[in-house]
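Source file: protein_24.txt. Holds: compact mmCIF, C-alpha atoms and all ligand atoms.
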```txt
# COMPACT_ATOMS: atom_id res chain seq x y z
CA MET A 1 0.00 0.00 0.00
CA GLN A 2 1.13 3.51 -0.77
CA GLY A 3 0.22 7.15 -0.21
CA VAL A 4 -3.37 7.91 0.69
CA ALA A 5 -4.26 4.18 0.82
CA ARG A 6 -1.61 3.55 3.47
CA ASN A 7 -2.62 6.70 5.40
CA PHE A 8 -6.22 5.56 5.49
CA PHE A 9 -5.28 2.06 6.64
CA THR A 10 -3.07 3.46 9.42
CA LEU A 11 -5.95 5.69 10.51
CA ALA A 12 -8.29 2.66 10.42
CA ILE A 13 -6.02 0.69 12.76
CA ILE A 14 -5.81 3.63 15.19
CA TYR A 15 -9.63 3.88 15.22
CA ALA A 16 -9.97 0.12 15.79
CA ILE A 17 -7.59 0.12 18.77
CA CYS A 18 -9.20 3.22 20.37
CA GLY A 19 -12.76 2.03 19.67
CA MET A 20 -12.17 -1.45 21.08
CA MET A 21 -10.54 0.02 24.20
CA LEU A 22 -13.64 2.17 24.66
CA GLY A 23 -15.89 -0.89 24.06
CA LEU A 24 -13.97 -2.90 26.65
CA SER A 25 -14.15 -0.06 29.15
CA MET A 26 -17.91 0.21 28.55
CA ALA A 27 -18.36 -3.53 29.02
CA MET A 28 -16.20 -3.67 32.17
CA SER A 29 -17.80 -0.65 33.81
CA GLN A 30 -21.29 -1.68 32.62
CA ASP A 31 -21.77 1.96 31.68
CA HIS A 32 -22.88 2.16 28.04
CA THR A 33 -23.29 5.96 27.91
CA GLU A 34 -20.59 6.16 25.25
CA MET A 35 -22.17 3.50 23.02
CA PRO A 36 -22.77 5.90 20.10
CA THR A 37 -19.16 7.08 20.35
CA HIS A 38 -17.92 3.48 20.27
CA ALA A 39 -20.29 2.65 17.37
CA HIS A 40 -19.08 5.59 15.27
CA ILE A 41 -15.40 4.96 16.01
CA MET A 42 -15.80 1.32 14.93
CA VAL A 43 -18.04 1.75 11.90
CA ALA A 44 -17.47 5.32 10.60
CA GLY A 45 -13.82 5.13 11.72
CA TRP A 46 -12.37 1.64 11.40
CA LEU A 47 -14.64 0.20 8.70
CA MET A 48 -14.99 3.30 6.49
CA SER A 49 -11.27 4.15 6.63
CA ALA A 50 -10.46 0.56 5.72
CA VAL A 51 -12.86 0.72 2.76
CA PHE A 52 -11.22 3.97 1.58
CA ALA A 53 -7.77 2.37 2.01
CA PHE A 54 -8.62 -0.65 -0.12
CA PHE A 55 -10.36 1.50 -2.73
CA TYR A 56 -7.27 3.69 -3.18
CA HIS A 57 -5.10 0.56 -3.16
CA LEU A 58 -7.14 -1.12 -5.89
CA PHE A 59 -7.51 2.02 -8.04
CA PRO A 60 -4.14 3.79 -8.31
CA ALA A 61 -5.76 6.31 -10.72
CA ALA A 62 -7.86 7.60 -7.81
CA ARG A 63 -4.84 7.71 -5.49
CA ALA A 64 -2.86 9.78 -7.99
CA SER A 65 -5.34 12.67 -7.80
CA ARG A 66 -4.35 15.55 -5.49
CA LEU A 67 -7.97 15.61 -4.38
CA ALA A 68 -7.36 12.22 -2.73
CA VAL A 69 -4.96 13.93 -0.29
CA VAL A 70 -7.63 16.56 0.45
CA HIS A 71 -10.12 13.73 0.96
CA PHE A 72 -7.80 12.00 3.45
CA TRP A 73 -7.19 15.10 5.59
CA LEU A 74 -10.81 16.28 5.49
CA THR A 75 -12.05 12.82 6.49
CA ALA A 76 -9.36 12.27 9.13
CA LEU A 77 -9.69 15.66 10.86
CA SER A 78 -13.49 15.83 10.74
CA GLY A 79 -13.87 12.16 11.73
CA ILE A 80 -11.56 12.52 14.73
CA GLY A 81 -13.35 15.79 15.63
CA LEU A 82 -16.68 13.98 15.35
CA VAL A 83 -15.85 11.08 17.66
CA VAL A 84 -13.77 13.04 20.20
CA GLY A 85 -16.46 15.74 20.29
CA LEU A 86 -19.18 13.09 20.64
CA TYR A 87 -17.27 11.53 23.55
CA PHE A 88 -17.27 14.81 25.48
CA LEU A 89 -20.84 15.63 24.45
CA LEU A 90 -22.13 12.33 25.83
CA ALA A 91 -20.01 12.81 28.95
CA GLY A 92 -22.15 15.88 29.64
CA HIS A 93 -20.22 18.77 28.06
CA GLU A 94 -23.04 20.25 26.00
CA ALA A 95 -21.06 23.32 24.96
CA ILE A 96 -19.13 21.14 22.49
CA GLU A 97 -22.20 20.42 20.38
CA PRO A 98 -21.46 23.08 17.66
CA PHE A 99 -18.01 21.52 17.22
CA VAL A 100 -19.59 18.08 16.77
CA ALA A 101 -22.05 19.58 14.26
CA VAL A 102 -19.29 21.24 12.20
CA SER A 103 -17.22 18.04 12.29
CA SER A 104 -20.25 16.01 11.10
CA ILE A 105 -20.75 18.37 8.16
CA GLY A 106 -17.03 18.11 7.34
CA PHE A 107 -17.29 14.32 7.41
CA PHE A 108 -20.28 14.43 5.08
CA LEU A 109 -18.42 16.79 2.70
CA GLY A 110 -15.56 14.26 2.74
CA MET A 111 -18.00 11.60 1.54
CA LEU A 112 -19.23 13.89 -1.26
CA LEU A 113 -15.62 14.52 -2.28
CA PHE A 114 -15.00 10.76 -2.30
CA ALA A 115 -17.98 10.30 -4.62
CA TRP A 116 -16.49 12.98 -6.90
CA ILE A 117 -13.12 11.19 -6.94
CA ALA A 118 -14.29 7.58 -7.05
CA LEU A 119 -17.21 7.52 -9.46
CA PRO A 120 -15.32 8.81 -12.55
CA VAL A 121 -12.54 6.31 -11.82
CA ILE A 122 -14.79 3.27 -11.61
CA TYR A 123 -16.78 4.30 -14.67
CA GLY A 124 -14.03 5.69 -16.88
CA SER A 125 -10.55 4.67 -15.86
CA ARG A 126 -8.60 2.15 -17.91
CA PRO A 127 -5.24 2.19 -16.06
CA ALA A 128 -6.74 0.76 -12.89
CA ARG A 129 -8.38 -2.08 -14.79
CA GLU A 130 -5.78 -3.06 -17.36
CA ASN A 131 -5.20 -6.50 -15.82
CA VAL A 132 -8.87 -7.33 -15.74
CA PRO A 133 -10.09 -9.84 -18.35
CA LEU A 134 -12.09 -8.26 -21.21
CA TRP A 135 -15.36 -9.91 -20.17
CA ASP A 136 -15.12 -8.37 -16.70
CA ARG A 137 -14.52 -4.74 -17.76
C1 LIG B 201 -13.08 -5.36 21.91
C2 LIG B 201 -14.13 -5.53 21.17
C3 LIG B 201 -15.46 -4.86 21.44
C4 LIG B 201 -16.11 -4.63 22.63
C5 LIG B 201 -15.67 -4.99 24.03
C6 LIG B 201 -17.36 -3.97 22.30
C7 LIG B 201 -18.32 -3.58 23.24
C8 LIG B 201 -19.52 -3.01 22.93
C9 LIG B 201 -20.53 -2.65 23.89
C10 LIG B 201 -20.43 -2.87 25.40
C11 LIG B 201 -21.56 -2.10 23.22
C12 LIG B 201 -22.85 -1.54 23.80
C13 LIG B 201 -23.99 -2.51 23.59
C14 LIG B 201 -25.29 -1.89 24.08
O1 LIG B 201 -25.29 -1.00 24.94
O2 LIG B 201 -26.36 -2.31 23.57
C15 LIG B 201 -21.21 -2.10 21.81
C16 LIG B 201 -22.01 -1.61 20.79
C17 LIG B 201 -21.63 -1.54 19.47
N1 LIG B 201 -20.45 -2.01 18.92
FE1 LIG B 201 -18.94 -2.84 19.94
N2 LIG B 201 -17.44 -3.80 20.96
C18 LIG B 201 -16.29 -4.33 20.37
C19 LIG B 201 -15.99 -4.35 19.04
C20 LIG B 201 -16.75 -3.81 18.03
C21 LIG B 201 -16.42 -3.88 16.62
C22 LIG B 201 -15.19 -4.59 16.05
C23 LIG B 201 -17.41 -3.24 15.95
C24 LIG B 201 -17.59 -2.97 14.48
C25 LIG B 201 -16.64 -3.11 13.57
C26 LIG B 201 -18.36 -2.76 16.94
C27 LIG B 201 -19.50 -2.07 16.67
C28 LIG B 201 -20.47 -1.76 17.57
C29 LIG B 201 -21.73 -1.08 17.22
C30 LIG B 201 -22.14 -0.62 15.81
C31 LIG B 201 -22.45 -0.94 18.41
C32 LIG B 201 -23.82 -0.30 18.56
C33 LIG B 201 -24.86 -1.38 18.42
C34 LIG B 201 -26.26 -0.79 18.53
O3 LIG B 201 -26.54 0.24 17.91
O4 LIG B 201 -27.06 -1.39 19.26
N3 LIG B 201 -17.92 -3.13 18.18
N4 LIG B 201 -19.97 -2.66 21.66
C1 LIG B 202 -22.36 12.91 9.21
C2 LIG B 202 -21.98 12.12 10.19
C3 LIG B 202 -22.92 11.37 11.09
C4 LIG B 202 -23.83 11.84 11.97
C5 LIG B 202 -24.16 13.31 12.28
C6 LIG B 202 -24.45 10.70 12.60
C7 LIG B 202 -25.45 10.78 13.58
C8 LIG B 202 -26.01 9.71 14.21
C9 LIG B 202 -27.06 9.78 15.21
C10 LIG B 202 -27.72 11.06 15.68
C11 LIG B 202 -27.31 8.52 15.63
C12 LIG B 202 -28.32 8.07 16.70
C13 LIG B 202 -27.58 7.91 18.01
C14 LIG B 202 -28.49 7.52 19.15
O1 LIG B 202 -29.68 7.24 18.95
O2 LIG B 202 -27.99 7.52 20.29
C15 LIG B 202 -26.43 7.62 14.89
C16 LIG B 202 -26.39 6.26 15.07
C17 LIG B 202 -25.57 5.41 14.34
N1 LIG B 202 -24.72 5.78 13.32
FE1 LIG B 202 -24.29 7.67 12.74
N2 LIG B 202 -23.92 9.56 12.10
C18 LIG B 202 -23.00 9.92 11.15
C19 LIG B 202 -22.23 9.09 10.38
C20 LIG B 202 -22.27 7.72 10.45
C21 LIG B 202 -21.54 6.85 9.57
C22 LIG B 202 -20.66 7.33 8.44
C23 LIG B 202 -21.78 5.58 9.99
C24 LIG B 202 -21.28 4.27 9.47
C25 LIG B 202 -20.44 4.12 8.48
C26 LIG B 202 -22.69 5.65 11.13
C27 LIG B 202 -23.15 4.58 11.85
C28 LIG B 202 -24.07 4.66 12.87
C29 LIG B 202 -24.52 3.51 13.63
C30 LIG B 202 -24.04 2.06 13.45
C31 LIG B 202 -25.46 3.98 14.55
C32 LIG B 202 -26.22 3.15 15.59
C33 LIG B 202 -25.44 3.08 16.85
C34 LIG B 202 -25.96 3.98 17.90
O3 LIG B 202 -27.17 3.98 18.17
O4 LIG B 202 -25.16 4.72 18.49
N3 LIG B 202 -22.97 6.97 11.37
N4 LIG B 202 -25.66 8.37 14.05
```

Using the file provided, produce a representation of the structure as structure tokens.
Amino acid sequence: MQGVARNFFTLAIIYAICGMMLGLSMAMSQDHTEMPTHAHIMVAGWLMSAVFAFFYHLFPAARASRLAVVHFWLTALSGIGLVVGLYFLLAGHEAIEPFVAVSSIGFFLGMLLFAWIALPVIYGSRPARENVPLWDR
């Protein structure tokens, strides 16, 4: 793995470790207040980052775009803002809600940017598919 693909996979592993530690702490303390935080770290963090990583790994044409770097940083910063903000929000710090809202919008914009990057590649790109048999193109 290279570039943005490797960055996304590293981020995914960090989310998985943090999210599982939070899950274990919830299970051991029998306090599930942070369940939505855990759920978003695991699914929006670990699983989505891993999907992005494998997409960029499989389609080098997408990885080569400078927009892919913007996509990584927008997704990483807003995603971390989202889950860290959510953690404090659910712990009772209501003043952080606007930060969580802005982070959520950033995360959504990251998804729109990914659609902009990914869809033309899967519909139009030849370089990423040159090893694929003719009948599967
Ligand atoms: C060390 C491993 C894990 C532990 C100890 C753990 C623990 C927990 C606990 C205690 C809850 C709260 C259940 C409830 O209150 O109903 C929960 C919910 C959840 N966990 Fe985990 N978890 C782990 C791994 C994972 C993984 C690997 C994923 C996904 C990739 C995941 C996704 C979720 C989701 C989506 C929920 C919310 C479920 C719902 O909406 O009812 N967890 N987890
Ligand atoms: C724009 C960013 C997002 C916002 C603002 C958001 C907001 C929410 C809200 C308000 C809930 C209900 C929580 C509750 O009832 O306590 C929720 C639940 C959930 N969301 Fe998200 N979400 C976002 C992104 C995502 C993404 C990208 C995923 C998965 C890839 C995801 C997976 C889940 C899951 C599994 C639950 C159920 C677990 C739970 O009840 O906490 N969310 N989300």

Which residues are near ligand LIG 202 (chain B) in this structure, taking near to mean any atom at most 10 Å from a ligand atom and counting only C-alpha atoms and all ligand atoms? Format them as an mmCIF file with C-alpha atoms, in the frame of the given file.
```cif
data_model
loop_
_atom_site.group_PDB
_atom_site.id
_atom_site.type_symbol
_atom_site.label_atom_id
_atom_site.label_comp_id
_atom_site.auth_asym_id
_atom_site.auth_seq_id
_atom_site.Cartn_x
_atom_site.Cartn_y
_atom_site.Cartn_z
ATOM 1 C CA THR A 33 -23.290 5.960 27.910
ATOM 2 C CA GLU A 34 -20.590 6.160 25.250
ATOM 3 C CA MET A 35 -22.170 3.500 23.020
ATOM 4 C CA PRO A 36 -22.770 5.900 20.100
ATOM 5 C CA THR A 37 -19.160 7.080 20.350
ATOM 6 C CA HIS A 38 -17.920 3.480 20.270
ATOM 7 C CA ALA A 39 -20.290 2.650 17.370
ATOM 8 C CA HIS A 40 -19.080 5.590 15.270
ATOM 9 C CA ILE A 41 -15.400 4.960 16.010
ATOM 10 C CA MET A 42 -15.800 1.320 14.930
ATOM 11 C CA VAL A 43 -18.040 1.750 11.900
ATOM 12 C CA ALA A 44 -17.470 5.320 10.600
ATOM 13 C CA GLY A 45 -13.820 5.130 11.720
ATOM 14 C CA TRP A 46 -12.370 1.640 11.400
ATOM 15 C CA LEU A 47 -14.640 0.200 8.700
ATOM 16 C CA MET A 48 -14.990 3.300 6.490
ATOM 17 C CA SER A 49 -11.270 4.150 6.630
ATOM 18 C CA SER A 78 -13.490 15.830 10.740
ATOM 19 C CA GLY A 79 -13.870 12.160 11.730
ATOM 20 C CA LEU A 82 -16.680 13.980 15.350
ATOM 21 C CA VAL A 83 -15.850 11.080 17.660
ATOM 22 C CA LEU A 86 -19.180 13.090 20.640
ATOM 23 C CA LEU A 90 -22.130 12.330 25.830
ATOM 24 C CA VAL A 100 -19.590 18.080 16.770
ATOM 25 C CA ALA A 101 -22.050 19.580 14.260
ATOM 26 C CA VAL A 102 -19.290 21.240 12.200
ATOM 27 C CA SER A 103 -17.220 18.040 12.290
ATOM 28 C CA SER A 104 -20.250 16.010 11.100
ATOM 29 C CA ILE A 105 -20.750 18.370 8.160
ATOM 30 C CA GLY A 106 -17.030 18.110 7.340
ATOM 31 C CA PHE A 107 -17.290 14.320 7.410
ATOM 32 C CA PHE A 108 -20.280 14.430 5.080
ATOM 33 C CA LEU A 109 -18.420 16.790 2.700
ATOM 34 C CA GLY A 110 -15.560 14.260 2.740
ATOM 35 C CA MET A 111 -18.000 11.600 1.540
#
```

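Across the structure, atom C31 of ligand LIG 201 (chain B) and CA of Leu11 in chain A are spaced 19.5 Å apart.
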
Contacts of Phe52 in chain A at 9 Å (only C-alpha atoms; same-chain gap of 6+ positions) as a ChimeraX atom specification: /A:4-5,8-9,72,114

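As for CA of Ala118 in chain A and CA of Gly3 in chain A, they are spaced 16.0 Å apart.
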
Would you please work out which residue, of A:Arg6, A:Leu89, A:Ser65, A:Met20, is nearest to ligand LIG 201 (chain B) when using only C-alpha atoms and all ligand atoms?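 Of A:Arg6, A:Leu89, A:Ser65, A:Met20, the one nearest ligand LIG 201 (chain B), counting only C-alpha atoms and all ligand atoms, is A:Met20.
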
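For the set A:Gly23, A:Gly124, A:Pro60, A:Gly81, the residue with the smallest atom-to-atom gap to ligand LIG 201 (chain B) is A:Gly23, counting all atoms listed in the file.
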
Rounded to one decimal place, report the atom C17 of ligand LIG 201 (chain B)-CA of Pro98 in chain A distance in Å.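 According to the coordinates, atom C17 of ligand LIG 201 (chain B) and CA of Pro98 in chain A are separated by 24.7 Å.
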
Using the file's own x, y and z axes, so that the box edges lie along x, y and z, what centre and edge lengths in Å (one decimal) does a box around every listed atom of ligand LIG 201 (chain B) get when 3 Å is added on each side? Give it as JSON.
```
{"center_x": -20.1, "center_y": -2.6, "center_z": 19.5, "size_x": 20.0, "size_y": 11.8, "size_z": 17.8}
```
